[in-house]
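Enquirer: The structure that follows is given in the form of C-alpha cells.
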Amino acid sequence: MAEKISNKSVLFNPFSKNNPVIVQVLGICSVLAVTVSLEPAIVMGISVVAVLAFANVIISLIRNTIPTNIRIIVQLVVVAGLVVIVDQLLKAYTYDVSKQLSVFISLIITNCILMGRLEAFAMVNKPWPSFLDGIGNGIGYALILVIVAFFRELLGSGTLLGFQVVPQWCYDHGYVNNGLMILPPMALIVVGCIIWVHRSFNKDLQED
Amino acid sequence: MLRKYLDKIKPHFQPGGKLSAFQSVFEGMETFLYTPRSTSASGVHVHDAIDSKRVMIIVVVALLPCLLFGMYNTGYQNSLCSGVEMSFWEMMAYGFLAILPKLVVTYVVGLGIEFAIAQVRHEEIMEGFLVTGILVPLICPVTTPLWMLAVATAFSVIFVKEVFGGTGFNIFNVALTTRAFLFFAYPASMSGDTAFIASKPICGLGGAVTYTDAVSGATPLGQLASGADQITNAVGDPVSTWQAFLGLIPGSFGETSTLCVLIGGALLLLTGIASWRIMLSVFAGGLFMGWIANIFGTPTYPASLLSPVDQLVYGGFAFAAVFMATDPVTAARTGIGKYIYGFLVGVIAILIRVYNNGYPEGAMLAVLLMNALAPLIDYCVVQANVSRRMRRARSNS
C-alpha cells in the first residue's frame with residue numbers, strides 16, 4: 001500500500017466506516033444462515049475473528065516467499081488449516097453449537113471477507129498491522145452477525161441466548177412469534193435496515 | 001361551505017404559515033374533495049377527466065360487491081356453524097362489525113405511514129393506499145388479529161412501497177405482500193380449520209362456534225389438501241360448483257364469491273381501467289393448467305382431481321385474476337408481455353395449488369412471483385421488437 005495507515009485506523013475502521021458486511025457487502029451468505037439465534041452467531045463471529053487474525057499473520061509472515069501465481073492456493077491452504085483447527089475445537093468444547101453451525105464453519109474457507117483481507121492487506125503489510133486488520137474486520141463482521149441475530153431471535157423465537165425474554169403474559173394476550181423472522185429472507189431485510197440506519201448517520205457513504 | 005372553509009384555512013398551510021409542515025396533508029385533502037385548480041399550462045398533455053384518484057375510486061367501487069358479499073357470507077357462516085338463527089340484515093350487520101375494525105386498522109396504519117413519509121420528503125400525498133387499504137382486509141381470513149394486520153401492513157407499505165419511492169414505484173403488489181407476510185409470519189393464525197369463520201358473537205349478534213367433528217371451518221381447497229374425498233361446507237353438506245361460484249363457502253373475507261368478483265371485473269373492464277389482456281390470459285392459463293392437472297390427476301395430489309372450471313371458482317383465483325394480477329404498477333406493460341404475464345400467473349397459481357399440498361392456494365404466490373418477473377418479460381418483448389425492426393431495416397437497405 002502506498003500511503004501509511006496508522007495501526008489504530010487499521011483496527012477500528014472496519015467497525016463502522018469500512019465494515020466488511022454493511023459497507024463492502026461481503027460474507028452475506030453466512031449472515032443469512034447462522035443468525036437464527038444469538039448463540040451460534042456469537043460462536044461464528046469468534047471463529048471468524050480467530051481464523052482471520054491468524055491467517056493474516058501467517059500470510060503476512062511468508063508474503064515475500066509466496067510465488068505470485070500460486071498465492072490464492074497458498075492462502076486457501078493456510079485458511080483451511082486454521083478452519084479445521086477451529087472446527088475440531090468447537091466439536092470438542094461446544095458440541096451442540098457446532099452441530100447447529102454444521103457446514104458453515106467449514107465454509108469460512110470460502111468466506112469472501114477472508115480472501116479479501118488476505119489478498120488486499122496481508123500480502124502487502126507487516127505481521128502486526130495484519131493481525132490488527134484481521135481482528136478489526138473479524139469484529140466488524142461479528143458485530144453485524146450479533147445485531148442481526150439479536151433481532152431475529154427476539155422477534156422470531158421470543159428468546160435471547162435461549163432464555164425466554166417475551167413474557168408469557170404477552171402470549172396469553174394473543175402475541176405470536178413472527179415465523180418469517182426464522183426464515184432467511186428476513187435476515188436480508190434486517191441487514192438492509194442496518195445499512196439504512198448506518199448510511200443515514202454516515203452521509204459520505206451514500207451513493208447517488 | 002366546505003370550499004369556503006378550505007379557502008379560509010389554506011394560508012396556514014402555505015410556506016411560512018404556522019402549519020406549513022402539514023402542507024401535503026392539506027393538499028391531499030383538498031384535491032380529494034375538489035378537482036385541483038392547477039392544470040397543465042404548457043406542452044402537450046392529454047386532457048381527460050381521469051386522474052389516479054378517479055381510477056382508485058372506481059376500483060374501490062368495483063370492490064364493493066365483494067365487500068358486501070363478504071359481510072353477508074361472514075354472518076351466514078357464523079350462523080351456520082353456531083346454530084344461531086339470523087335474519088339477512090343481522091348477517092350483514094354481523095359481517096359489517098367483523099370487518100369494520102380491520103378496515104379502520106389497515107387505513108390508519110397504511111395512511112399514517114404514507115402521510116408521515118410524504119411530510120418528511122416534502123412530497124404530495126399519493127392516493128395509492130386507497131385501494132390497498134380495502135384490498136388487505138378482503139384477502140385476509142376474518143379472524144386475523146388486528147395487531148398482526150397492523151404489523152403486516154406497516155411492513156409491506158415501508159419495505160415494498162416507500163423504500164422503492166412510493167406509489168407507482170412498488171415492485172410487488174402491496175396488498176398481496178401484506179397477505180404473504182401474514183401467511184409466512186403467522187401461519188397458525190392464517191390457515192387451517194379455524195381461521196376462516198368468525199367464531200365469536202359481536203355486539204350480541206351471532207353465536208360462539210365450537211369446532212367438533214361435525215363443524216369444520218376448512219376452506220374447500222384446504223379440505224382437498226388434507227385429503228378429503230368430497231368438498232363440504234362448514235357443517236358437512238356437499239358443495240356444488242354453483243354454490244362455490246356464488247361464494248357461500250368458508251374462505252378469506254371477500255374472495256369467496258366468484259360472481260361478485262366478476263361483477264367488479266366487468267366494471268373495471270367497462271371503464272377501461274384493468275387490462276382485459278391480463279384478465280383473459282390469467283383465466284386461460286388457469287384453465288389450461290387445470291386441464292393438464294386433471295388429465296394427469298392422481299390421488300397423491302387431491303386438488304388435481306378438480307375439473308378445470310372448479311379450479312377457477314374455488315379459493316382466491318378469480319379475485320387474484322381480476323384485482324391483483326391487473327394492478328397496472330406491478331404487471332407487465334407491453335401488449336404481448338401482458339398475455340405472457342397473465343398466462344403464467346394462471347399456470348403457476350394452479351401449479352402451486354395442485355402439486356404442493358403444503359400451500360392449498362397458490363394465486364397469491366403466483367402473482368408475487370410474476371410481479372418480480374414482469375420487468376424481464378417487458379424487456380424481452382421490447383428487445384425482440386427492436387431486433388425484428390433492425391433486421392427489417394437491414395434487409396430493406
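Residue numbers start at 1 in each chain; chains themselves are named A, B, ... in the order of the C-alpha cells; ligands are numbered from 1 in the order shown.
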Mind checking which residues fall within 10 Å of B:Cys140, counting only C-alpha atoms, ignoring those fewer than 6 positions away in the same chain, and posting them as a VMD selection string?

Expert: chain B and resid 102 149 175 to 176 178 to 180 182 to 183 190 to 191 195 to 196 251 to 255

Enquirer: Kindly determine which residues of chain B lie within 7 Å of chain A, considering only C-alpha atoms, and give the answer as a ChimeraX atom specification.

Expert: /B:184-186

Enquirer: Counting only C-alpha atoms, figure out which residue out of A:Gly45, A:Gly140, A:Gly162, A:Gly81 gets nearest to A:Val10.

Expert: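 So, comparing all the options, the nearest one is A:Gly140.
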
Enquirer: List the spatial neighbours of B:Leu268 as a ChimeraX atom specification - criterion: any atom at most 12 Å away, only C-alpha atoms, same-chain residues fewer than 2 positions off excluded.

Expert: /B:55-63,261-266,270-276,279,322-323,326-327

Enquirer: Restricting it to N, CA, C and O atoms, dump the selection as an mmCIF file, in the first residue's frame.

Expert:
data_model
loop_
_atom_site.group_PDB
_atom_site.id
_atom_site.type_symbol
_atom_site.label_atom_id
_atom_site.label_comp_id
_atom_site.auth_asym_id
_atom_site.auth_seq_id
_atom_site.Cartn_x
_atom_site.Cartn_y
_atom_site.Cartn_z
ATOM 1 N N VAL B 55 -59.322 6.853 -10.839
ATOM 2 C CA VAL B 55 -59.071 5.430 -11.083
ATOM 3 C C VAL B 55 -59.237 4.646 -9.795
ATOM 4 O O VAL B 55 -59.945 3.634 -9.748
ATOM 5 N N MET B 56 -58.617 5.153 -8.744
ATOM 6 C CA MET B 56 -58.674 4.446 -7.474
ATOM 7 C C MET B 56 -60.113 4.310 -6.989
ATOM 8 O O MET B 56 -60.526 3.278 -6.490
ATOM 9 N N ILE B 57 -60.886 5.408 -7.135
ATOM 10 C CA ILE B 57 -62.267 5.379 -6.658
ATOM 11 C C ILE B 57 -63.056 4.305 -7.408
ATOM 12 O O ILE B 57 -63.833 3.555 -6.824
ATOM 13 N N ILE B 58 -62.821 4.202 -8.721
ATOM 14 C CA ILE B 58 -63.567 3.198 -9.496
ATOM 15 C C ILE B 58 -63.184 1.796 -9.045
ATOM 16 O O ILE B 58 -64.035 0.916 -8.913
ATOM 17 N N VAL B 59 -61.895 1.586 -8.763
ATOM 18 C CA VAL B 59 -61.505 0.258 -8.277
ATOM 19 C C VAL B 59 -62.190 -0.033 -6.945
ATOM 20 O O VAL B 59 -62.669 -1.143 -6.708
ATOM 21 N N VAL B 60 -62.261 0.975 -6.077
ATOM 22 C CA VAL B 60 -62.935 0.770 -4.791
ATOM 23 C C VAL B 60 -64.398 0.410 -5.013
ATOM 24 O O VAL B 60 -64.927 -0.513 -4.386
ATOM 25 N N VAL B 61 -65.052 1.118 -5.952
ATOM 26 C CA VAL B 61 -66.451 0.801 -6.255
ATOM 27 C C VAL B 61 -66.559 -0.626 -6.778
ATOM 28 O O VAL B 61 -67.461 -1.378 -6.405
ATOM 29 N N ALA B 62 -65.601 -1.027 -7.612
ATOM 30 C CA ALA B 62 -65.630 -2.387 -8.153
ATOM 31 C C ALA B 62 -65.450 -3.425 -7.060
ATOM 32 O O ALA B 62 -65.888 -4.566 -7.189
ATOM 33 N N LEU B 63 -64.811 -3.027 -5.980
ATOM 34 C CA LEU B 63 -64.598 -3.978 -4.886
ATOM 35 C C LEU B 63 -65.811 -4.081 -3.970
ATOM 36 O O LEU B 63 -65.905 -5.001 -3.163
ATOM 37 N N VAL B 261 -66.839 -11.108 -7.763
ATOM 38 C CA VAL B 261 -65.563 -10.732 -8.371
ATOM 39 C C VAL B 261 -65.768 -10.396 -9.831
ATOM 40 O O VAL B 261 -65.240 -9.401 -10.344
ATOM 41 N N LEU B 262 -66.596 -11.208 -10.510
ATOM 42 C CA LEU B 262 -66.825 -10.956 -11.934
ATOM 43 C C LEU B 262 -67.599 -9.672 -12.159
ATOM 44 O O LEU B 262 -67.354 -8.952 -13.129
ATOM 45 N N ILE B 263 -68.556 -9.348 -11.249
ATOM 46 C CA ILE B 263 -69.273 -8.072 -11.375
ATOM 47 C C ILE B 263 -68.265 -6.929 -11.300
ATOM 48 O O ILE B 263 -68.256 -6.012 -12.135
ATOM 49 N N GLY B 264 -67.381 -7.004 -10.286
ATOM 50 C CA GLY B 264 -66.349 -5.979 -10.149
ATOM 51 C C GLY B 264 -65.452 -5.933 -11.370
ATOM 52 O O GLY B 264 -65.112 -4.858 -11.876
ATOM 53 N N GLY B 265 -65.089 -7.121 -11.867
ATOM 54 C CA GLY B 265 -64.224 -7.196 -13.039
ATOM 55 C C GLY B 265 -64.872 -6.562 -14.252
ATOM 56 O O GLY B 265 -64.217 -5.852 -15.015
ATOM 57 N N ALA B 266 -66.202 -6.786 -14.405
ATOM 58 C CA ALA B 266 -66.914 -6.204 -15.541
ATOM 59 C C ALA B 266 -66.851 -4.687 -15.470
ATOM 60 O O ALA B 266 -66.632 -4.001 -16.477
ATOM 61 N N LEU B 270 -65.317 -2.314 -18.283
ATOM 62 C CA LEU B 270 -66.143 -1.317 -18.969
ATOM 63 C C LEU B 270 -65.516 0.058 -18.896
ATOM 64 O O LEU B 270 -65.529 0.818 -19.860
ATOM 65 N N THR B 271 -64.939 0.383 -17.728
ATOM 66 C CA THR B 271 -64.324 1.697 -17.593
ATOM 67 C C THR B 271 -62.917 1.711 -18.165
ATOM 68 O O THR B 271 -62.263 2.749 -18.179
ATOM 69 N N GLY B 272 -62.436 0.558 -18.604
ATOM 70 C CA GLY B 272 -61.125 0.500 -19.240
ATOM 71 C C GLY B 272 -59.963 0.645 -18.273
ATOM 72 O O GLY B 272 -58.862 1.014 -18.666
ATOM 73 N N ILE B 273 -60.191 0.370 -17.002
ATOM 74 C CA ILE B 273 -59.119 0.559 -16.030
ATOM 75 C C ILE B 273 -58.203 -0.657 -15.970
ATOM 76 O O ILE B 273 -56.983 -0.537 -15.961
ATOM 77 N N ALA B 274 -58.810 -1.847 -15.927
ATOM 78 C CA ALA B 274 -57.979 -3.048 -15.875
ATOM 79 C C ALA B 274 -57.747 -3.545 -17.298
ATOM 80 O O ALA B 274 -58.529 -3.290 -18.200
ATOM 81 N N SER B 275 -56.652 -4.254 -17.474
ATOM 82 C CA SER B 275 -56.318 -4.754 -18.800
ATOM 83 C C SER B 275 -57.054 -6.061 -19.079
ATOM 84 O O SER B 275 -56.901 -7.034 -18.344
ATOM 85 N N TRP B 276 -57.868 -6.077 -20.144
ATOM 86 C CA TRP B 276 -58.582 -7.323 -20.460
ATOM 87 C C TRP B 276 -57.607 -8.396 -20.901
ATOM 88 O O TRP B 276 -57.849 -9.584 -20.748
ATOM 89 N N MET B 279 -56.493 -10.146 -17.691
ATOM 90 C CA MET B 279 -57.578 -10.917 -17.078
ATOM 91 C C MET B 279 -57.854 -12.183 -17.879
ATOM 92 O O MET B 279 -57.916 -13.280 -17.340
ATOM 93 N N VAL B 322 -58.650 -10.876 -11.228
ATOM 94 C CA VAL B 322 -59.327 -9.629 -11.576
ATOM 95 C C VAL B 322 -58.679 -8.431 -10.892
ATOM 96 O O VAL B 322 -58.451 -7.401 -11.512
ATOM 97 N N PHE B 323 -58.371 -8.546 -9.595
ATOM 98 C CA PHE B 323 -57.927 -7.363 -8.867
ATOM 99 C C PHE B 323 -56.422 -7.313 -8.618
ATOM 100 O O PHE B 323 -55.874 -6.244 -8.401
ATOM 101 N N THR B 326 -54.003 -7.562 -12.345
ATOM 102 C CA THR B 326 -54.165 -6.432 -13.262
ATOM 103 C C THR B 326 -53.637 -5.123 -12.692
ATOM 104 O O THR B 326 -53.749 -4.093 -13.351
ATOM 105 N N ASP B 327 -53.093 -5.153 -11.475
ATOM 106 C CA ASP B 327 -52.512 -3.944 -10.887
ATOM 107 C C ASP B 327 -51.538 -3.319 -11.887
ATOM 108 O O ASP B 327 -50.522 -3.920 -12.231
#

Enquirer: For A:Arg63, please output as a PyMOL selection string all residues within 8 Å (counting only C-alpha atoms; exclusion window: fewer than 3 positions along the same chain).

Expert: chain A and resi 59-60+66+122-124

Enquirer: Using the selection just defined, write its residues with N, CA and C atoms as a JSON list (two decimals), in the first residue's frame.

Expert:
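See again.json below for the written result:
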[["chain", "number", "residue", "atom", "x", "y", "z"],
["A", 59, "ILE", "N", 0.06, -15.37, 6.62],
["A", 59, "ILE", "CA", 0.29, -14.95, 5.24],
["A", 59, "ILE", "C", 1.27, -13.77, 5.20],
["A", 60, "SER", "N", 1.11, -12.87, 6.17],
["A", 60, "SER", "CA", 1.98, -11.70, 6.20],
["A", 60, "SER", "C", 3.43, -12.11, 6.46],
["A", 66, "ILE", "N", 5.98, -16.21, -1.07],
["A", 66, "ILE", "CA", 4.91, -16.84, -1.85],
["A", 66, "ILE", "C", 5.06, -16.43, -3.31],
["A", 122, "ALA", "N", -2.92, -8.53, 3.91],
["A", 122, "ALA", "CA", -1.81, -9.30, 4.49],
["A", 122, "ALA", "C", -0.68, -9.50, 3.49],
["A", 123, "MET", "N", -1.00, -9.54, 2.19],
["A", 123, "MET", "CA", 0.05, -9.76, 1.19],
["A", 123, "MET", "C", 1.01, -8.59, 1.08],
["A", 124, "VAL", "N", 0.59, -7.41, 1.56],
["A", 124, "VAL", "CA", 1.44, -6.23, 1.37],
["A", 124, "VAL", "C", 1.76, -5.51, 2.67]]

Enquirer: What does the distance between atom CA of A:Phe150 and atom CA of A:Val190 come to in Å, to one decimal place?

Expert: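 Between atom CA of A:Phe150 and atom CA of A:Val190 the gap is 10.4 Å.
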